[in-house]
Each structure stands twice: as C-alpha cells, then as structure tokens.
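J.: File follows, protein_25.pdb with PDB, C-alpha atoms:
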```
ATOM      1  CA  MET C  21      58.170  87.582-103.746  1.00  0.00           C
ATOM      2  CA  LYS C  22      60.792  87.403-106.509  1.00  0.00           C
ATOM      3  CA  ALA C  23      58.288  88.695-109.078  1.00  0.00           C
ATOM      4  CA  ASN C  24      57.399  91.574-106.753  1.00  0.00           C
ATOM      5  CA  ARG C  25      61.075  92.526-106.353  1.00  0.00           C
ATOM      6  CA  ARG C  26      61.588  92.299-110.103  1.00  0.00           C
ATOM      7  CA  THR C  27      58.582  94.577-110.668  1.00  0.00           C
ATOM      8  CA  GLN C  28      59.930  97.061-108.109  1.00  0.00           C
ATOM      9  CA  GLY C  29      63.381  96.905-109.714  1.00  0.00           C
ATOM     10  CA  THR C  30      61.953  97.607-113.157  1.00  0.00           C
ATOM     11  CA  ALA C  31      59.926 100.526-111.786  1.00  0.00           C
ATOM     12  CA  GLY C  32      63.080 101.953-110.189  1.00  0.00           C
ATOM     13  CA  GLU C  33      65.013 101.582-113.417  1.00  0.00           C
ATOM     14  CA  ASP C  34      62.185 103.278-115.331  1.00  0.00           C
ATOM     15  CA  LEU C  35      62.377 106.247-112.931  1.00  0.00           C
ATOM     16  CA  ALA C  36      66.152 106.366-113.326  1.00  0.00           C
ATOM     17  CA  VAL C  37      65.852 106.367-117.134  1.00  0.00           C
ATOM     18  CA  GLN C  38      63.340 109.236-116.984  1.00  0.00           C
ATOM     19  CA  TYR C  39      65.639 111.161-114.645  1.00  0.00           C
ATOM     20  CA  LEU C  40      68.725 110.603-116.805  1.00  0.00           C
ATOM     21  CA  ARG C  41      66.944 111.571-120.026  1.00  0.00           C
ATOM     22  CA  LYS C  42      65.634 114.723-118.358  1.00  0.00           C
ATOM     23  CA  HIS C  43      69.237 115.599-117.494  1.00  0.00           C
ATOM     24  CA  GLY C  44      70.574 115.149-121.023  1.00  0.00           C
ATOM     25  CA  PHE C  45      71.671 111.520-121.077  1.00  0.00           C
ATOM     26  CA  LYS C  46      71.098 109.296-124.075  1.00  0.00           C
ATOM     27  CA  ILE C  47      70.092 105.772-123.029  1.00  0.00           C
ATOM     28  CA  LEU C  48      71.987 103.164-125.045  1.00  0.00           C
ATOM     29  CA  ASP C  49      71.075  99.923-123.301  1.00  0.00           C
ATOM     30  CA  ARG C  50      69.169  98.518-120.338  1.00  0.00           C
ATOM     31  CA  ASN C  51      69.803  95.369-118.347  1.00  0.00           C
ATOM     32  CA  TYR C  52      72.943  94.411-120.217  1.00  0.00           C
ATOM     33  CA  ARG C  53      73.866  90.924-119.063  1.00  0.00           C
ATOM     34  CA  SER C  54      77.012  88.935-119.512  1.00  0.00           C
ATOM     35  CA  TYR C  55      78.489  85.952-117.752  1.00  0.00           C
ATOM     36  CA  ARG C  56      80.537  88.486-115.777  1.00  0.00           C
ATOM     37  CA  GLY C  57      77.676  90.568-114.389  1.00  0.00           C
ATOM     38  CA  GLU C  58      74.845  92.943-115.201  1.00  0.00           C
ATOM     39  CA  ILE C  59      74.605  96.645-115.922  1.00  0.00           C
ATOM     40  CA  ASP C  60      71.238  98.274-115.222  1.00  0.00           C
ATOM     41  CA  ILE C  61      71.650 101.182-117.649  1.00  0.00           C
ATOM     42  CA  VAL C  62      74.278 102.093-120.221  1.00  0.00           C
ATOM     43  CA  ALA C  63      74.027 105.744-121.181  1.00  0.00           C
ATOM     44  CA  LYS C  64      76.020 108.459-122.856  1.00  0.00           C
ATOM     45  CA  GLU C  65      76.522 111.974-121.518  1.00  0.00           C
ATOM     46  CA  LYS C  66      78.355 114.149-124.011  1.00  0.00           C
ATOM     47  CA  LYS C  67      81.508 112.100-124.773  1.00  0.00           C
ATOM     48  CA  ASP C  68      81.333 109.876-121.680  1.00  0.00           C
ATOM     49  CA  TYR C  69      79.893 106.381-121.618  1.00  0.00           C
ATOM     50  CA  VAL C  70      78.161 105.938-118.291  1.00  0.00           C
ATOM     51  CA  PHE C  71      77.448 102.593-116.646  1.00  0.00           C
ATOM     52  CA  VAL C  72      74.646 103.123-114.152  1.00  0.00           C
ATOM     53  CA  GLU C  73      73.658 100.953-111.216  1.00  0.00           C
ATOM     54  CA  VAL C  74      70.135 101.669-109.948  1.00  0.00           C
ATOM     55  CA  LYS C  75      69.189 100.990-106.336  1.00  0.00           C
ATOM     56  CA  ALA C  76      65.702 101.693-105.022  1.00  0.00           C
ATOM     57  CA  ARG C  77      64.294 101.383-101.515  1.00  0.00           C
ATOM     58  CA  ARG C  78      61.043 102.440 -99.922  1.00  0.00           C
ATOM     59  CA  SER C  79      62.827 103.640 -96.787  1.00  0.00           C
ATOM     60  CA  SER C  80      66.281 103.940 -95.281  1.00  0.00           C
ATOM     61  CA  PHE C  81      65.433 101.524 -92.459  1.00  0.00           C
ATOM     62  CA  PHE C  82      68.051  99.052 -93.738  1.00  0.00           C
ATOM     63  CA  GLY C  83      70.423 101.770 -94.986  1.00  0.00           C
ATOM     64  CA  SER C  84      70.504 104.035 -97.985  1.00  0.00           C
ATOM     65  CA  PRO C  85      70.078 102.564-101.466  1.00  0.00           C
ATOM     66  CA  GLU C  86      73.612 103.483-102.493  1.00  0.00           C
ATOM     67  CA  GLU C  87      75.008 101.519 -99.543  1.00  0.00           C
ATOM     68  CA  ALA C  88      73.730  98.374-101.279  1.00  0.00           C
ATOM     69  CA  VAL C  89      76.392  98.795-103.976  1.00  0.00           C
ATOM     70  CA  THR C  90      78.999  96.582-102.360  1.00  0.00           C
ATOM     71  CA  PRO C  91      82.620  96.174-103.435  1.00  0.00           C
ATOM     72  CA  GLU C  92      81.668  92.744-104.818  1.00  0.00           C
ATOM     73  CA  LYS C  93      78.860  94.312-106.870  1.00  0.00           C
ATOM     74  CA  GLU C  94      81.311  96.936-108.172  1.00  0.00           C
ATOM     75  CA  ILE C  95      83.633  94.173-109.415  1.00  0.00           C
ATOM     76  CA  HIS C  96      80.796  92.491-111.325  1.00  0.00           C
ATOM     77  CA  ILE C  97      79.668  95.793-112.874  1.00  0.00           C
ATOM     78  CA  ARG C  98      83.236  96.680-113.902  1.00  0.00           C
ATOM     79  CA  SER C  99      83.714  93.266-115.497  1.00  0.00           C
ATOM     80  CA  ALA C 100      80.447  93.520-117.424  1.00  0.00           C
ATOM     81  CA  ALA C 101      81.387  97.057-118.506  1.00  0.00           C
ATOM     82  CA  GLU C 102      84.754  95.862-119.811  1.00  0.00           C
ATOM     83  CA  GLU C 103      82.976  93.226-121.889  1.00  0.00           C
ATOM     84  CA  TYR C 104      80.443  95.813-123.119  1.00  0.00           C
ATOM     85  CA  CYS C 105      83.244  98.149-124.220  1.00  0.00           C
ATOM     86  CA  VAL C 106      85.010  95.394-126.158  1.00  0.00           C
ATOM     87  CA  LYS C 107      81.785  94.185-127.749  1.00  0.00           C
ATOM     88  CA  HIS C 108      80.854  97.743-128.845  1.00  0.00           C
ATOM     89  CA  ASP C 109      84.407  98.772-129.796  1.00  0.00           C
ATOM     90  CA  ILE C 110      84.566 101.665-127.318  1.00  0.00           C
ATOM     91  CA  GLU C 111      87.558 100.608-125.190  1.00  0.00           C
ATOM     92  CA  ASP C 112      89.349 103.879-125.909  1.00  0.00           C
ATOM     93  CA  ARG C 113      86.414 106.114-124.964  1.00  0.00           C
ATOM     94  CA  PRO C 114      86.017 107.827-121.583  1.00  0.00           C
ATOM     95  CA  CYS C 115      83.663 106.009-119.251  1.00  0.00           C
ATOM     96  CA  ARG C 116      82.537 106.197-115.657  1.00  0.00           C
ATOM     97  CA  PHE C 117      80.336 104.414-113.145  1.00  0.00           C
ATOM     98  CA  ASP C 118      77.355 106.207-111.608  1.00  0.00           C
ATOM     99  CA  VAL C 119      74.707 105.172-109.107  1.00  0.00           C
ATOM    100  CA  VAL C 120      71.114 106.389-109.168  1.00  0.00           C
ATOM    101  CA  ALA C 121      69.659 105.956-105.688  1.00  0.00           C
ATOM    102  CA  ILE C 122      65.887 106.112-105.359  1.00  0.00           C
ATOM    103  CA  GLU C 123      64.325 106.312-101.929  1.00  0.00           C
ATOM    104  CA  GLY C 124      60.764 106.674-100.690  1.00  0.00           C
ATOM    105  CA  GLU C 125      57.433 106.620-102.456  1.00  0.00           C
ATOM    106  CA  GLY C 126      54.898 109.036-103.883  1.00  0.00           C
ATOM    107  CA  GLU C 127      55.441 112.637-102.833  1.00  0.00           C
ATOM    108  CA  LYS C 128      58.379 111.647-100.621  1.00  0.00           C
ATOM    109  CA  LEU C 129      60.318 110.125-103.507  1.00  0.00           C
ATOM    110  CA  GLN C 130      63.958 111.236-103.666  1.00  0.00           C
ATOM    111  CA  ILE C 131      66.360 110.555-106.511  1.00  0.00           C
ATOM    112  CA  ARG C 132      70.091 111.011-105.942  1.00  0.00           C
ATOM    113  CA  HIS C 133      72.523 110.761-108.823  1.00  0.00           C
ATOM    114  CA  LEU C 134      76.035 109.946-107.658  1.00  0.00           C
ATOM    115  CA  ARG C 135      78.612 110.414-110.404  1.00  0.00           C
ATOM    116  CA  ASP C 136      81.858 108.528-110.885  1.00  0.00           C
ATOM    117  CA  VAL C 137      81.448 106.557-107.661  1.00  0.00           C
ATOM    118  CA  PHE C 138      83.890 103.739-108.379  1.00  0.00           C
TER     119      PHE C 138
END
```
Would you give me this structure, written as structure tokens?

T.:
Amino acid sequence: MKANRRTQGTAGEDLAVQYLRKHGFKILDRNYRSYRGEIDIVAKEKKDYVFVEVKARRSSFFGSPEEAVTPEKEIHIRSAAEEYCVKHDIEDRPCRFDVVAIEGEGEKLQIRHLRDVF
C-alpha cells in the first residue's frame, strides 16, 4: 500500500508541476528533504520563491485535499523552507507558501491553486 500511495503522490506532484509551468512558474526543486521536513515543490514566480505543498485525493469523502495541510505540517514545511533559503542564500528574497489541491480523476479532475496560504 505504501508503494501505491507513493506512486499516487508522485503522479499528483507531476500534475502540479505541469500546472505551475503552464502558469509561468519556474520549477527549481522537487521533494526537497531536510531533517526538519519536506517541500514537495520549490518554484519561482517572477521575484517570489514559492514553496508548494501538493495534496491529491480521488474524492472529497474524507475532506478536501487542502484540509490535509495541518498546522503541524505547516510548521515542518516552514522549517524546511528556512533551511532551503539559508542553503541557497536567498534569505532576503520574497517567498510564500502555496498549496496545489488536486481532486478527482480523469475528466472530473480539478486543480486548485491556493496562494500564500500560511
């Protein structure tokens, strides 16, 4: 089951990357990991560095994908982003945290891009 979830997660991230590129984002990094947390996608939109959390679900039966970004998850993403900024010498650059929520399958697929969510 873990492999299946990982495959689904990668597919969701691939869709998010396609969506972001289509909307003018430059993808800088994927699956950035540190001891503090993980960032699904690091992108740049104009002058902003954007740390993107991707959540995908087949249905909203258990809630919307974006509802899965808990306050605890936000803390881990922020911590990883701080480390990323130091490592890449961009601490003084504008940055924000977005969520790409993917819901449904096939023709009923919906992608919502929530900007500056936390």

J.: Between CA of Lys64 in chain C and CA of Glu102 in chain C, measure the distance and give it in Å to one decimal.

T.: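 Distance reported for this atom pair: 15.6 Å.
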
J.: Would you mind reading off the distance between CA of Asp118 in chain C and CA of Val74 in chain C, one decimal, in Å?

T.: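 These two atoms are separated by 8.7 Å.
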
J.: Give me the residues within 12 Å of Arg50 in chain C as a PDB file with C-alpha atoms, in the frame of the given file, counting only C-alpha atoms and dropping any in the same chain fewer than 6 places off.

T.:
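Dumped everything to out.pdb:
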```
ATOM      1  CA  THR C  30      61.953  97.607-113.157  1.00  0.00           C
ATOM      2  CA  GLU C  33      65.013 101.582-113.417  1.00  0.00           C
ATOM      3  CA  ASP C  34      62.185 103.278-115.331  1.00  0.00           C
ATOM      4  CA  ALA C  36      66.152 106.366-113.326  1.00  0.00           C
ATOM      5  CA  VAL C  37      65.852 106.367-117.134  1.00  0.00           C
ATOM      6  CA  GLU C  58      74.845  92.943-115.201  1.00  0.00           C
ATOM      7  CA  ILE C  59      74.605  96.645-115.922  1.00  0.00           C
ATOM      8  CA  ASP C  60      71.238  98.274-115.222  1.00  0.00           C
ATOM      9  CA  ILE C  61      71.650 101.182-117.649  1.00  0.00           C
ATOM     10  CA  VAL C  62      74.278 102.093-120.221  1.00  0.00           C
ATOM     11  CA  ALA C  63      74.027 105.744-121.181  1.00  0.00           C
ATOM     12  CA  VAL C  70      78.161 105.938-118.291  1.00  0.00           C
ATOM     13  CA  PHE C  71      77.448 102.593-116.646  1.00  0.00           C
ATOM     14  CA  VAL C  72      74.646 103.123-114.152  1.00  0.00           C
ATOM     15  CA  GLU C  73      73.658 100.953-111.216  1.00  0.00           C
ATOM     16  CA  VAL C  74      70.135 101.669-109.948  1.00  0.00           C
ATOM     17  CA  TYR C 104      80.443  95.813-123.119  1.00  0.00           C
TER      18      TYR C 104
END
```

J.: Measure the distance from CA of Ala88 in chain C to CA of Lys75 in chain C in Å and round it to one decimal.

T.: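 Interatomic distance here is 7.3 Å.
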
J.: Here is a test: counting all atoms listed in the file, which residue of C:Val89, C:Ile97, C:Ile110, C:Val120 is nearest to Tyr39 in chain C?

T.: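 Selected residue with least distance to Tyr39 in chain C: C:Val120.
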
J.: From the list C:Ala31, C:Ala101, C:Leu134, C:Leu40, which residue is nearest Glu87 in chain C when using all atoms listed in the file?

T.: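 With all atoms listed in the file as the atom set, the closest residue is C:Leu134.
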
J.: Would you please work out which residue, of C:Gly44, C:Tyr69, C:His133, C:Ser84, is nearest to Arg113 in chain C when using only C-alpha atoms?

T.: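 For Arg113 in chain C, the nearest of the candidates is C:Tyr69.
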
J.: Which residue, C:His96, C:Lys67, C:Arg116, C:Lys107, has the smallest gap to Asp136 in chain C when you use all atoms listed in the file?

T.: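 For Asp136 in chain C, the nearest of the given residues is C:Arg116.
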
J.: For Leu35 in chain C, which residue among C:Val137, C:Ala100, C:Cys105, C:Leu129 is the nearest when counting all atoms listed in the file?

T.: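 Counting all atoms listed in the file, the residue closest to Leu35 in chain C is C:Leu129.
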
J.: Could you check the closest approach to Val119 in chain C for each of C:Glu65, C:Glu94, C:Glu103, C:Asp49 and tell me which residue wins, using all atoms listed in the file?

T.: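 Going through C:Glu65, C:Glu94, C:Glu103, C:Asp49 one by one, the smallest distance to Val119 in chain C is for C:Glu94.
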
J.: Please write as a PyMOL selection string the full residue list that the PyMOL selection byres ((chain C and resi 121) around 6) yields on this file.

T.: chain C and resi 75-76+85-86+120+122+131-132

J.: Mind giving me the axis-aligned box for range 77-84 of chain C with 4 Å on every side, centre plus edges in Å to one decimal, as AutoDock Vina command-line options?

T.:
```
--center_x 65.8 --center_y 101.5 --center_z -97.0 --size_x 17.5 --size_y 13.0 --size_z 17.1
```
